[in-house]
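K.L.:
Okay, so here is target00.pdb, and as you'll see once you scroll down, it has PDB, C-alpha atoms.
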ATOM      1  CA  MET A   1     -48.595   0.222  18.084
ATOM      2  CA  GLU A   2     -48.377   3.452  16.086
ATOM      3  CA  ALA A   3     -51.693   4.655  17.517
ATOM      4  CA  ASN A   4     -50.531   3.773  21.012
ATOM      5  CA  THR A   5     -47.287   5.653  20.467
ATOM      6  CA  ARG A   6     -49.158   8.747  19.316
ATOM      7  CA  SER A   7     -51.564   8.640  22.266
ATOM      8  CA  THR A   8     -48.956   8.087  24.974
ATOM      9  CA  GLY A   9     -46.158  10.115  23.413
ATOM     10  CA  ARG A  10     -43.679   7.345  24.232
ATOM     11  CA  LEU A  11     -41.300   5.412  22.001
ATOM     12  CA  PRO A  12     -41.806   1.660  21.521
ATOM     13  CA  ALA A  13     -39.890  -0.535  23.965
ATOM     14  CA  ALA A  14     -37.490  -1.693  21.226
ATOM     15  CA  PHE A  15     -36.171   1.846  20.919
ATOM     16  CA  LEU A  16     -35.572   2.105  24.651
ATOM     17  CA  THR A  17     -33.678  -1.170  24.994
ATOM     18  CA  PRO A  18     -31.118  -1.348  22.174
ATOM     19  CA  GLY A  19     -29.545  -4.761  21.837
ATOM     20  CA  SER A  20     -26.187  -3.507  20.597
ATOM     21  CA  SER A  21     -23.558  -1.019  21.707
ATOM     22  CA  SER A  22     -23.291   0.088  18.074
ATOM     23  CA  PHE A  23     -25.479   3.019  17.080
ATOM     24  CA  MET A  24     -24.990   2.081  13.417
ATOM     25  CA  ASP A  25     -26.402  -1.407  14.036
ATOM     26  CA  PHE A  26     -29.310   0.090  15.969
ATOM     27  CA  LEU A  27     -30.054   2.490  13.103
ATOM     28  CA  ALA A  28     -29.746  -0.309  10.535
ATOM     29  CA  ASP A  29     -32.355  -2.342  12.437
ATOM     30  CA  HIS A  30     -34.910   0.423  12.969
ATOM     31  CA  SER A  31     -34.374   3.065  10.244
ATOM     32  CA  PRO A  32     -31.948   1.712   7.619
ATOM     33  CA  GLU A  33     -33.056   4.347   5.109
ATOM     34  CA  LEU A  34     -31.303   6.986   7.235
ATOM     35  CA  LEU A  35     -27.863   5.505   6.635
ATOM     36  CA  PRO A  36     -26.022   7.427   3.882
ATOM     37  CA  GLY A  37     -25.018   4.248   2.019
ATOM     38  CA  ASN A  38     -28.661   3.143   1.674
ATOM     39  CA  ARG A  39     -29.890   6.207  -0.152
ATOM     40  CA  LYS A  40     -30.804   6.112  -3.823
ATOM     41  CA  LEU A  41     -28.881   8.317  -6.197
ATOM     42  CA  PRO A  42     -30.366  10.138  -9.176
ATOM     43  CA  GLU A  43     -29.572   8.838 -12.651
ATOM     44  CA  GLY A  44     -26.485  10.131 -14.415
ATOM     45  CA  ILE A  45     -23.345  11.820 -13.134
ATOM     46  CA  VAL A  46     -23.663  13.425  -9.711
ATOM     47  CA  GLU A  47     -21.763  16.689  -9.175
ATOM     48  CA  ALA A  48     -21.078  17.493  -5.533
ATOM     49  CA  PRO A  49     -18.563  19.629  -3.627
ATOM     50  CA  HIS A  50     -15.416  17.760  -2.622
ATOM     51  CA  GLY A  51     -13.124  18.440   0.303
ATOM     52  CA  THR A  52      -9.447  18.125  -0.440
ATOM     53  CA  THR A  53      -6.284  17.919   1.642
ATOM     54  CA  ILE A  54      -5.947  16.621   5.219
ATOM     55  CA  VAL A  55      -2.582  16.130   6.956
ATOM     56  CA  ALA A  56      -1.445  14.709  10.292
ATOM     57  CA  ALA A  57       1.824  14.361  12.185
ATOM     58  CA  THR A  58       2.787  12.884  15.524
ATOM     59  CA  PHE A  59       5.066  14.525  18.072
ATOM     60  CA  SER A  60       6.453  13.383  21.400
ATOM     61  CA  GLY A  61       3.311  14.371  23.337
ATOM     62  CA  GLY A  62       0.515  13.635  20.885
ATOM     63  CA  VAL A  63      -0.674  14.164  17.329
ATOM     64  CA  VAL A  64      -1.664  17.095  15.108
ATOM     65  CA  LEU A  65      -4.480  16.882  12.531
ATOM     66  CA  ALA A  66      -5.065  19.745  10.103
ATOM     67  CA  GLY A  67      -6.890  20.593   6.892
ATOM     68  CA  ASP A  68      -7.151  23.333   4.310
ATOM     69  CA  ARG A  69     -10.450  25.191   3.846
ATOM     70  CA  ARG A  70     -11.282  24.763   0.142
ATOM     71  CA  ALA A  71     -14.043  22.657  -1.399
ATOM     72  CA  THR A  72     -14.205  22.202  -5.159
ATOM     73  CA  MET A  73     -16.795  21.054  -7.682
ATOM     74  CA  GLY A  74     -15.107  20.152 -10.919
ATOM     75  CA  ASN A  75     -12.819  23.044 -11.797
ATOM     76  CA  MET A  76     -14.815  25.509  -9.684
ATOM     77  CA  ILE A  77     -14.265  26.566  -6.068
ATOM     78  CA  ALA A  78     -17.475  25.542  -4.320
ATOM     79  CA  GLN A  79     -16.558  26.952  -0.893
ATOM     80  CA  ARG A  80     -13.536  28.780   0.473
ATOM     81  CA  ASP A  81     -14.034  28.283   4.208
ATOM     82  CA  ILE A  82     -15.328  24.739   4.660
ATOM     83  CA  GLU A  83     -14.418  22.952   7.884
ATOM     84  CA  LYS A  84     -12.894  19.514   7.376
ATOM     85  CA  VAL A  85     -11.481  18.594  10.789
ATOM     86  CA  PHE A  86     -13.796  17.616  13.653
ATOM     87  CA  PRO A  87     -13.473  16.097  17.120
ATOM     88  CA  ALA A  88     -14.672  12.490  17.165
ATOM     89  CA  ASP A  89     -14.662  12.444  20.951
ATOM     90  CA  GLU A  90     -12.511  13.864  23.751
ATOM     91  CA  TYR A  91      -9.343  12.076  22.625
ATOM     92  CA  SER A  92      -9.652  11.695  18.858
ATOM     93  CA  ALA A  93     -10.424  13.631  15.701
ATOM     94  CA  VAL A  94     -11.283  12.962  12.086
ATOM     95  CA  GLY A  95     -10.419  14.958   8.966
ATOM     96  CA  ILE A  96     -12.529  14.523   5.848
ATOM     97  CA  ALA A  97     -11.581  14.300   2.187
ATOM     98  CA  GLY A  98     -13.956  13.350  -0.593
ATOM     99  CA  THR A  99     -17.633  14.194  -1.088
ATOM    100  CA  ALA A 100     -18.168  16.962   1.452
ATOM    101  CA  GLY A 101     -21.863  16.456   2.263
ATOM    102  CA  LEU A 102     -21.570  12.699   2.801
ATOM    103  CA  ALA A 103     -18.319  13.136   4.722
ATOM    104  CA  VAL A 104     -19.799  15.627   7.199
ATOM    105  CA  GLU A 105     -22.809  13.364   7.705
ATOM    106  CA  MET A 106     -20.521  10.383   8.281
ATOM    107  CA  VAL A 107     -18.577  12.337  10.906
ATOM    108  CA  LYS A 108     -21.791  13.165  12.759
ATOM    109  CA  LEU A 109     -22.810   9.496  12.732
ATOM    110  CA  PHE A 110     -19.324   8.536  13.917
ATOM    111  CA  GLN A 111     -19.580  10.976  16.822
ATOM    112  CA  LEU A 112     -22.943   9.465  17.747
ATOM    113  CA  GLU A 113     -21.507   5.962  17.406
ATOM    114  CA  LEU A 114     -18.769   6.683  19.949
ATOM    115  CA  GLU A 115     -21.117   8.508  22.313
ATOM    116  CA  HIS A 116     -23.700   5.700  22.087
ATOM    117  CA  PHE A 117     -21.089   3.047  22.878
ATOM    118  CA  GLU A 118     -19.865   4.977  25.915
ATOM    119  CA  LYS A 119     -23.389   5.396  27.283
ATOM    120  CA  VAL A 120     -24.379   1.755  26.732
ATOM    121  CA  GLU A 121     -21.110   0.155  27.876
ATOM    122  CA  GLY A 122     -20.102   2.702  30.503
ATOM    123  CA  ALA A 123     -16.593   2.861  29.022
ATOM    124  CA  THR A 124     -14.895   4.379  25.999
ATOM    125  CA  LEU A 125     -13.640   2.400  23.032
ATOM    126  CA  SER A 126      -9.906   1.959  22.602
ATOM    127  CA  LEU A 127      -8.346   4.071  19.862
ATOM    128  CA  GLU A 128      -8.045   0.998  17.632
ATOM    129  CA  GLY A 129     -11.691   0.192  18.343
ATOM    130  CA  LYS A 130     -12.680   3.669  17.209
ATOM    131  CA  ALA A 131     -10.558   3.283  14.067
ATOM    132  CA  ASN A 132     -12.293  -0.037  13.326
ATOM    133  CA  ARG A 133     -15.766   1.477  13.760
ATOM    134  CA  LEU A 134     -14.889   4.213  11.269
ATOM    135  CA  SER A 135     -13.617   1.564   8.851
ATOM    136  CA  THR A 136     -16.997  -0.196   8.996
ATOM    137  CA  MET A 137     -18.818   3.057   8.261
ATOM    138  CA  ILE A 138     -16.638   3.782   5.224
ATOM    139  CA  ARG A 139     -17.236   0.249   3.935
ATOM    140  CA  GLY A 140     -20.972   0.886   4.238
ATOM    141  CA  ASN A 141     -20.560   3.785   1.814
ATOM    142  CA  LEU A 142     -18.924   1.617  -0.869
ATOM    143  CA  ALA A 143     -21.936   1.723  -3.215
ATOM    144  CA  MET A 144     -21.809   5.519  -3.166
ATOM    145  CA  ALA A 145     -18.036   5.484  -3.647
ATOM    146  CA  MET A 146     -18.405   3.343  -6.778
ATOM    147  CA  GLN A 147     -20.611   6.102  -8.189
ATOM    148  CA  GLY A 148     -18.045   8.808  -7.511
ATOM    149  CA  LEU A 149     -19.182   9.876  -4.034
ATOM    150  CA  ALA A 150     -16.274   8.567  -1.992
ATOM    151  CA  VAL A 151     -15.355   9.554   1.556
ATOM    152  CA  VAL A 152     -11.705   9.038   2.537
ATOM    153  CA  PRO A 153     -10.980  10.407   6.024
ATOM    154  CA  LEU A 154      -7.885  10.572   8.184
ATOM    155  CA  PHE A 155      -8.334   9.567  11.829
ATOM    156  CA  ALA A 156      -5.991  10.530  14.665
ATOM    157  CA  GLY A 157      -6.040  10.409  18.427
ATOM    158  CA  TRP A 158      -4.292   9.843  21.723
ATOM    159  CA  ASP A 159      -3.878   6.191  22.677
ATOM    160  CA  GLU A 160      -4.208   6.072  26.459
ATOM    161  CA  GLY A 161      -2.879   2.521  26.642
ATOM    162  CA  LYS A 162       0.254   3.158  24.578
ATOM    163  CA  GLU A 163       0.538   6.777  25.758
ATOM    164  CA  LYS A 164       1.194   8.251  22.335
ATOM    165  CA  GLY A 165      -0.533   9.849  19.370
ATOM    166  CA  ARG A 166      -1.514   7.578  16.472
ATOM    167  CA  ILE A 167      -2.759   8.114  12.900
ATOM    168  CA  PHE A 168      -4.983   5.876  10.752
ATOM    169  CA  SER A 169      -5.679   6.255   7.027
ATOM    170  CA  TYR A 170      -8.367   4.548   4.910
ATOM    171  CA  ASP A 171      -9.190   3.621   1.340
ATOM    172  CA  VAL A 172     -12.651   3.796  -0.245
ATOM    173  CA  THR A 173     -13.415   0.174   0.690
ATOM    174  CA  GLY A 174     -12.836   0.848   4.385
ATOM    175  CA  GLY A 175      -9.369  -0.682   4.414
ATOM    176  CA  ARG A 176      -7.481   0.697   7.404
ATOM    177  CA  SER A 177      -3.756   1.337   7.757
ATOM    178  CA  GLU A 178      -1.809   2.808  10.643
ATOM    179  CA  GLU A 179       0.558   5.555   9.548
ATOM    180  CA  HIS A 180       3.783   6.202  11.418
ATOM    181  CA  GLY A 181       5.029   9.751  11.888
ATOM    182  CA  TYR A 182       2.912  11.581   9.336
ATOM    183  CA  ALA A 183       0.139  11.054   6.799
ATOM    184  CA  ALA A 184      -1.980  12.886   4.239
ATOM    185  CA  THR A 185      -5.124  12.235   2.230
ATOM    186  CA  GLY A 186      -7.049  14.077  -0.464
ATOM    187  CA  SER A 187      -6.146  15.569  -3.822
ATOM    188  CA  GLY A 188      -3.088  17.417  -2.538
ATOM    189  CA  SER A 189      -1.841  14.534  -0.407
ATOM    190  CA  ILE A 190       1.014  13.532  -2.695
ATOM    191  CA  PHE A 191       2.554  17.004  -2.379
ATOM    192  CA  ALA A 192       1.832  17.335   1.343
ATOM    193  CA  ARG A 193       3.318  13.904   2.029
ATOM    194  CA  GLY A 194       6.445  14.765   0.066
ATOM    195  CA  SER A 195       6.822  17.971   2.059
ATOM    196  CA  MET A 196       6.477  16.183   5.408
ATOM    197  CA  LYS A 197       8.783  13.359   4.327
ATOM    198  CA  LYS A 198      11.690  15.793   4.099
ATOM    199  CA  LEU A 199      10.911  17.809   7.227
ATOM    200  CA  TYR A 200       9.540  15.303   9.748
ATOM    201  CA  ARG A 201      11.625  14.187  12.741
ATOM    202  CA  ASP A 202      10.784  11.882  15.637
ATOM    203  CA  ASP A 203      11.614  14.509  18.254
ATOM    204  CA  LEU A 204       9.279  17.301  17.085
ATOM    205  CA  THR A 205       7.689  19.540  19.700
ATOM    206  CA  GLU A 206       4.012  20.474  19.510
ATOM    207  CA  GLU A 207       4.898  23.882  18.054
ATOM    208  CA  GLN A 208       7.146  22.324  15.426
ATOM    209  CA  ALA A 209       4.494  19.743  14.511
ATOM    210  CA  THR A 210       1.838  22.415  13.980
ATOM    211  CA  THR A 211       4.280  24.396  11.845
ATOM    212  CA  LEU A 212       5.098  21.240   9.870
ATOM    213  CA  VAL A 213       1.463  20.542   8.920
ATOM    214  CA  VAL A 214       0.889  24.160   7.854
ATOM    215  CA  GLN A 215       4.053  24.011   5.723
ATOM    216  CA  ALA A 216       2.749  20.784   4.162
ATOM    217  CA  LEU A 217      -0.657  22.337   3.390
ATOM    218  CA  TYR A 218       1.101  25.334   1.840
ATOM    219  CA  ASP A 219       3.145  23.025  -0.399
ATOM    220  CA  ALA A 220       0.003  21.099  -1.357
ATOM    221  CA  ALA A 221      -1.775  24.347  -2.309
ATOM    222  CA  ASP A 222       1.286  25.384  -4.325
ATOM    223  CA  ASP A 223       0.919  22.386  -6.659
ATOM    224  CA  ASP A 224      -2.712  21.281  -6.329
ATOM    225  CA  SER A 225      -5.386  23.726  -7.503
ATOM    226  CA  ALA A 226      -8.046  22.009  -5.376
ATOM    227  CA  THR A 227      -6.169  22.764  -2.143
ATOM    228  CA  GLY A 228      -6.534  26.239  -0.676
ATOM    229  CA  GLY A 229      -3.590  28.035   0.910
ATOM    230  CA  PRO A 230      -3.842  30.668   3.667
ATOM    231  CA  ASP A 231      -6.129  33.499   2.497
ATOM    232  CA  LEU A 232      -4.808  36.598   4.255
ATOM    233  CA  ALA A 233      -7.268  38.960   2.555
ATOM    234  CA  ARG A 234     -10.349  37.008   3.674
ATOM    235  CA  ARG A 235      -8.754  35.843   6.938
ATOM    236  CA  ILE A 236      -9.275  32.180   6.088
ATOM    237  CA  PHE A 237      -6.627  29.945   7.603
ATOM    238  CA  PRO A 238      -6.117  26.171   7.941
ATOM    239  CA  ILE A 239      -7.887  24.378  10.778
ATOM    240  CA  VAL A 240      -5.253  22.902  13.077
ATOM    241  CA  THR A 241      -6.108  20.577  15.965
ATOM    242  CA  VAL A 242      -3.920  18.966  18.618
ATOM    243  CA  ILE A 243      -4.744  15.806  20.577
ATOM    244  CA  THR A 244      -2.687  14.962  23.680
ATOM    245  CA  GLU A 245      -3.245  13.158  26.986
ATOM    246  CA  GLU A 246      -5.206  16.262  28.017
ATOM    247  CA  GLY A 247      -7.650  15.759  25.141
ATOM    248  CA  PHE A 248      -8.678  17.434  21.901
ATOM    249  CA  ARG A 249      -7.868  21.099  21.303
ATOM    250  CA  ARG A 250      -8.455  23.229  18.241
ATOM    251  CA  LEU A 251      -6.082  26.125  17.725
ATOM    252  CA  SER A 252      -7.852  29.458  18.121
ATOM    253  CA  GLU A 253      -8.228  31.789  15.162
ATOM    254  CA  ALA A 254      -5.457  33.969  16.584
ATOM    255  CA  GLU A 255      -3.130  30.965  16.902
ATOM    256  CA  SER A 256      -3.845  29.543  13.444
ATOM    257  CA  SER A 257      -3.648  32.957  11.767
ATOM    258  CA  GLY A 258      -0.360  33.717  13.519
ATOM    259  CA  LEU A 259       1.040  30.379  12.403
ATOM    260  CA  ALA A 260      -0.148  30.816   8.811
ATOM    261  CA  ARG A 261       1.154  34.393   8.624
ATOM    262  CA  SER A 262       4.543  33.301   9.945
ATOM    263  CA  VAL A 263       4.810  30.569   7.293
ATOM    264  CA  THR A 264       3.645  32.962   4.554
ATOM    265  CA  GLU A 265       6.183  35.630   5.547
ATOM    266  CA  ARG A 266       8.998  33.088   5.427
ATOM    267  CA  ARG A 267       7.770  31.980   1.990
ATOM    268  CA  LEU A 268       8.299  35.534   0.724
ATOM    269  CA  GLU A 269      11.993  34.978   1.339
ATOM    270  CA  GLN A 270      12.049  31.305   0.396
ATOM    271  CA  PRO A 271       9.098  30.538  -1.928
ATOM    272  CA  ASP A 272       9.728  26.785  -2.032
ATOM    273  CA  GLY A 273       9.788  26.480   1.741
ATOM    274  CA  PRO A 274      12.402  25.188   4.207
ATOM    275  CA  ARG A 275      15.185  22.949   3.000
ATOM    276  CA  ALA A 276      15.953  19.564   4.496
ATOM    277  CA  ALA A 277      19.593  19.008   5.374
ATOM    278  CA  LEU A 278      21.646  16.856   3.008
ATOM    279  CA  LEU A 279      23.230  13.702   4.411
TER     280      LEU A 279
END
Transcribe the structure of this file into structure tokens.
P.N.:
Amino acid sequence: MEANTRSTGRLPAAFLTPGSSSFMDFLADHSPELLPGNRKLPEGIVEAPHGTTIVAATFSGGVVLAGDRRATMGNMIAQRDIEKVFPADEYSAVGIAGTAGLAVEMVKLFQLELEHFEKVEGATLSLEGKANRLSTMIRGNLAMAMQGLAVVPLFAGWDEGKEKGRIFSYDVTGGRSEEHGYAATGSGSIFARGSMKKLYRDDLTEEQATTLVVQALYDAADDDSATGGPDLARRIFPIVTVITEEGFRRLSEAESSGLARSVTERRLEQPDGPRAALL
């Protein structure tokens, strides 16, 4: 068969007629060694860059997903401008925290998984279906996670059936939870979540929601050394994305820099950030 494939330049029939709408299942059947969770690790402790804080918040017309730009390796800054938020498809996005290399690779596989399903089935998965597929992929990385190479993303998107933005968080075993209103993951998540807890409201506009997540990332960077705040000197600003019924949109550099500069200028007057009203 191999000789025939070389001579004709065509793939075997099995590759042309996949029996499943899941790209992950197809890959597991034909090239399981390509799946991140099946790779062998070297002996001893593995040092790898880690992405840190991802935040999300819903508003009346959709959901915002954002991330800082710092990657760390131990107590060192491994990269100052890493990208941690990616579109999963037209109506959803995923933000990565954990081992950066594995996380980026998982996102690419997730994008292929959703695209493969749409091409095979002729329809898109529901938002919950997408969240479940991501859960399965994270569970497949459990062996790596047990060796310190965990991937813990945050998934958000527009639910066309329920006509609202939704957020899903995960643990290292692939356990999935729906978050209501706001969510955070990564090393600075405890500080970001505390910030959003005091400032979040159900009636936020898109502009207010984007400001909220940048405020939360600023607070996370203020207390967590692994989270990077806006870097005005190097022009490195948080990545902020918005998903509505019109689809996925990433704020332009001008928009994100303007937002970050506005928050930073206000912090010069009020270093601890905006105050929530007392009851």
K.L.:
Translate the PyMOL selection byres ((chain A and resi 219) around 9), as applied to the file shown, into an explicit residue set as a list in words.
P.N.:
Gly188, Phe191, Ala192, Gly194, Ser195, Val214, Gln215, Ala216, Leu217, Tyr218, Ala220, Ala221, Asp222, Asp223, Asp224, Gly229, Asp272 and Gly273 of chain A
K.L.:
Have a look at CA of Ala93 in chain A and CA of Gly157 in chain A and let me know their distance in Å, one decimal.
P.N.:
6.1 Å
K.L.:
Smallest atom-to-atom distance to Thr72 in chain A: which of A:Leu199, A:Ala48, A:Leu102, A:Ile54, using all atoms listed in the file?
P.N.:
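Result for the nearest residue to Thr72 in chain A: A:Ala48.
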K.L.:
On this structure, which residues satisfy the PyMOL selection byres ((chain A and resi 159) around 10), written as number ranges by chain?
P.N.:
A: 62, 91-92, 126-128, 156-158, 160-166, 243-245
K.L.:
What does the structure give for the distance between CA of Thr241 in chain A and CA of Ser169 in chain A, in Å to one decimal?
P.N.:
16.9 Å
K.L.:
Provide the CA of Leu204 in chain A to CA of Tyr182 in chain A distance in Å, to one decimal place.
P.N.:
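These two atoms are separated by 11.5 Å.
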K.L.:
Tell me which of A:Pro230, A:Gly95, A:Pro49, A:Gly175 sits closest to Gly74 in chain A, counting only C-alpha atoms.
P.N.:
A:Pro49
K.L.:
Give me the residues within 6 Å of range 225-228 of chain A as a CSV table (one decimal) with C-alpha atoms, in the coordinates of the input, counting only C-alpha atoms and dropping any in the same chain fewer than 4 places off.
P.N.:
chain,number,residue,atom,x,y,z
A,52,THR,CA,-9.4,18.1,-0.4
A,68,ASP,CA,-7.2,23.3,4.3
A,70,ARG,CA,-11.3,24.8,0.1
A,221,ALA,CA,-1.8,24.3,-2.3
K.L.:
Taking all atoms listed in the file into account, name the residue in A:Ala277, A:Gly101, A:Leu134, A:Leu251 that is nearest to Glu113 in chain A.
P.N.:
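Among the listed residues, A:Leu134 lies closest to Glu113 in chain A.
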K.L.:
Identify, on the basis of all atoms listed in the file, every residue whose closest approach to His50 in chain A does not exceed 8 Å; exclude the query and any residue fewer than 3 positions from it along the same chain; express the result as a count of residues only.
P.N.:
7
K.L.:
Quick one: residues within 6 Å of Thr53 in chain A, only C-alpha atoms counted, chain neighbours fewer than 4 positions away excluded, as a ChimeraX atom specification?
P.N.:
/A:67,185-189
K.L.:
Between A:Glu246, A:Glu178, A:Asp171, A:Glu90, which is the closest to Ala131 in chain A once you count all atoms listed in the file?
P.N.:
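Nearest candidate to Ala131 in chain A out of A:Glu246, A:Glu178, A:Asp171, A:Glu90: A:Glu178.
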K.L.:
My list of candidates is A:Ile82, A:Leu65, A:Leu125, A:Val263. Which is closest to Val104 in chain A when distances are computed with all atoms listed in the file?
P.N.:
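Counting all atoms listed in the file, the residue closest to Val104 in chain A is A:Ile82.
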K.L.:
What would the selection look like, as an MDAnalysis selection string, if the PyMOL selection byres ((chain A and resi 94) around 7) were run on the coordinates I just shared?
P.N.:
chainID A and resid 85:88 93 95:96 153:156
K.L.:
Using the selection just defined, write its residues with C-alpha atoms as a PDB file, in the frame of the given file.
P.N.:
ATOM      1  CA  VAL A  85     -11.481  18.594  10.789  1.00  0.00           C
ATOM      2  CA  PHE A  86     -13.796  17.616  13.653  1.00  0.00           C
ATOM      3  CA  PRO A  87     -13.473  16.097  17.120  1.00  0.00           C
ATOM      4  CA  ALA A  88     -14.672  12.490  17.165  1.00  0.00           C
ATOM      5  CA  ALA A  93     -10.424  13.631  15.701  1.00  0.00           C
ATOM      6  CA  GLY A  95     -10.419  14.958   8.966  1.00  0.00           C
ATOM      7  CA  ILE A  96     -12.529  14.523   5.848  1.00  0.00           C
ATOM      8  CA  PRO A 153     -10.980  10.407   6.024  1.00  0.00           C
ATOM      9  CA  LEU A 154      -7.885  10.572   8.184  1.00  0.00           C
ATOM     10  CA  PHE A 155      -8.334   9.567  11.829  1.00  0.00           C
ATOM     11  CA  ALA A 156      -5.991  10.530  14.665  1.00  0.00           C
TER      12      ALA A 156
END
K.L.:
Closest to Ala184 in chain A among A:Val55, A:Thr211, A:Lys130, A:Leu259, using all atoms listed in the file?
P.N.:
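Closest to Ala184 in chain A, using all atoms listed in the file: A:Val55.
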K.L.:
What would range 245-252 of chain A look like with all heavy atoms in place, written as a PDB file, in the frame of the given file?
P.N.:
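Resulting contents of selection-v9.pdb:
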ATOM      1  N   GLU A 245      -2.647  13.836  25.843  1.00  0.00           N
ATOM      2  CA  GLU A 245      -3.245  13.158  26.986  1.00  0.00           C
ATOM      3  C   GLU A 245      -4.263  14.040  27.707  1.00  0.00           C
ATOM      4  O   GLU A 245      -5.090  13.546  28.478  1.00  0.00           O
ATOM      5  CB  GLU A 245      -2.169  12.703  27.964  1.00  0.00           C
ATOM      6  CG  GLU A 245      -1.366  13.829  28.576  1.00  0.00           C
ATOM      7  CD  GLU A 245      -0.321  13.319  29.549  1.00  0.00           C
ATOM      8  OE1 GLU A 245      -0.368  12.105  29.875  1.00  0.00           O
ATOM      9  OE2 GLU A 245       0.522  14.119  29.989  1.00  0.00           O
ATOM     10  N   GLU A 246      -4.234  15.339  27.434  1.00  0.00           N
ATOM     11  CA  GLU A 246      -5.206  16.262  28.017  1.00  0.00           C
ATOM     12  C   GLU A 246      -6.463  16.369  27.168  1.00  0.00           C
ATOM     13  O   GLU A 246      -7.430  17.015  27.570  1.00  0.00           O
ATOM     14  CB  GLU A 246      -4.569  17.645  28.197  1.00  0.00           C
ATOM     15  CG  GLU A 246      -3.407  17.644  29.184  1.00  0.00           C
ATOM     16  CD  GLU A 246      -2.780  19.017  29.343  1.00  0.00           C
ATOM     17  OE1 GLU A 246      -3.194  19.941  28.615  1.00  0.00           O
ATOM     18  OE2 GLU A 246      -1.873  19.155  30.178  1.00  0.00           O
ATOM     19  N   GLY A 247      -6.469  15.771  25.984  1.00  0.00           N
ATOM     20  CA  GLY A 247      -7.650  15.759  25.141  1.00  0.00           C
ATOM     21  C   GLY A 247      -7.492  16.550  23.855  1.00  0.00           C
ATOM     22  O   GLY A 247      -6.381  16.947  23.466  1.00  0.00           O
ATOM     23  N   PHE A 248      -8.626  16.746  23.197  1.00  0.00           N
ATOM     24  CA  PHE A 248      -8.678  17.434  21.901  1.00  0.00           C
ATOM     25  C   PHE A 248      -8.658  18.947  22.101  1.00  0.00           C
ATOM     26  O   PHE A 248      -9.341  19.473  22.982  1.00  0.00           O
ATOM     27  CB  PHE A 248      -9.958  17.033  21.170  1.00  0.00           C
ATOM     28  CG  PHE A 248     -10.249  17.812  19.910  1.00  0.00           C
ATOM     29  CD1 PHE A 248      -9.791  17.375  18.681  1.00  0.00           C
ATOM     30  CD2 PHE A 248     -10.988  18.992  19.959  1.00  0.00           C
ATOM     31  CE1 PHE A 248     -10.059  18.093  17.523  1.00  0.00           C
ATOM     32  CE2 PHE A 248     -11.268  19.710  18.811  1.00  0.00           C
ATOM     33  CZ  PHE A 248     -10.801  19.262  17.588  1.00  0.00           C
ATOM     34  N   ARG A 249      -7.877  19.632  21.274  1.00  0.00           N
ATOM     35  CA  ARG A 249      -7.868  21.099  21.303  1.00  0.00           C
ATOM     36  C   ARG A 249      -7.712  21.630  19.881  1.00  0.00           C
ATOM     37  O   ARG A 249      -6.850  21.170  19.142  1.00  0.00           O
ATOM     38  CB  ARG A 249      -6.725  21.623  22.168  1.00  0.00           C
ATOM     39  CG  ARG A 249      -6.654  23.160  22.237  1.00  0.00           C
ATOM     40  CD  ARG A 249      -5.575  23.605  23.206  1.00  0.00           C
ATOM     41  NE  ARG A 249      -4.245  23.386  22.679  1.00  0.00           N
ATOM     42  CZ  ARG A 249      -3.574  24.296  21.931  1.00  0.00           C
ATOM     43  NH1 ARG A 249      -4.148  25.448  21.620  1.00  0.00           N
ATOM     44  NH2 ARG A 249      -2.360  24.021  21.498  1.00  0.00           N
ATOM     45  N   ARG A 250      -8.573  22.561  19.540  1.00  0.00           N
ATOM     46  CA  ARG A 250      -8.455  23.229  18.241  1.00  0.00           C
ATOM     47  C   ARG A 250      -7.769  24.566  18.439  1.00  0.00           C
ATOM     48  O   ARG A 250      -8.133  25.324  19.346  1.00  0.00           O
ATOM     49  CB  ARG A 250      -9.843  23.424  17.625  1.00  0.00           C
ATOM     50  CG  ARG A 250      -9.833  24.284  16.359  1.00  0.00           C
ATOM     51  CD  ARG A 250     -11.181  24.293  15.695  1.00  0.00           C
ATOM     52  NE  ARG A 250     -11.292  25.373  14.723  1.00  0.00           N
ATOM     53  CZ  ARG A 250     -12.281  25.512  13.858  1.00  0.00           C
ATOM     54  NH1 ARG A 250     -13.259  24.611  13.839  1.00  0.00           N
ATOM     55  NH2 ARG A 250     -12.307  26.506  13.007  1.00  0.00           N
ATOM     56  N   LEU A 251      -6.764  24.839  17.618  1.00  0.00           N
ATOM     57  CA  LEU A 251      -6.082  26.125  17.725  1.00  0.00           C
ATOM     58  C   LEU A 251      -7.073  27.255  17.485  1.00  0.00           C
ATOM     59  O   LEU A 251      -7.927  27.161  16.595  1.00  0.00           O
ATOM     60  CB  LEU A 251      -4.944  26.221  16.713  1.00  0.00           C
ATOM     61  CG  LEU A 251      -3.542  25.809  17.216  1.00  0.00           C
ATOM     62  CD1 LEU A 251      -3.525  24.363  17.664  1.00  0.00           C
ATOM     63  CD2 LEU A 251      -2.497  26.057  16.131  1.00  0.00           C
ATOM     64  N   SER A 252      -6.972  28.303  18.282  1.00  0.00           N
ATOM     65  CA  SER A 252      -7.852  29.458  18.121  1.00  0.00           C
ATOM     66  C   SER A 252      -7.550  30.163  16.811  1.00  0.00           C
ATOM     67  O   SER A 252      -6.513  29.922  16.177  1.00  0.00           O
ATOM     68  CB  SER A 252      -7.659  30.428  19.287  1.00  0.00           C
ATOM     69  OG  SER A 252      -6.351  30.998  19.235  1.00  0.00           O
TER      70      SER A 252
END
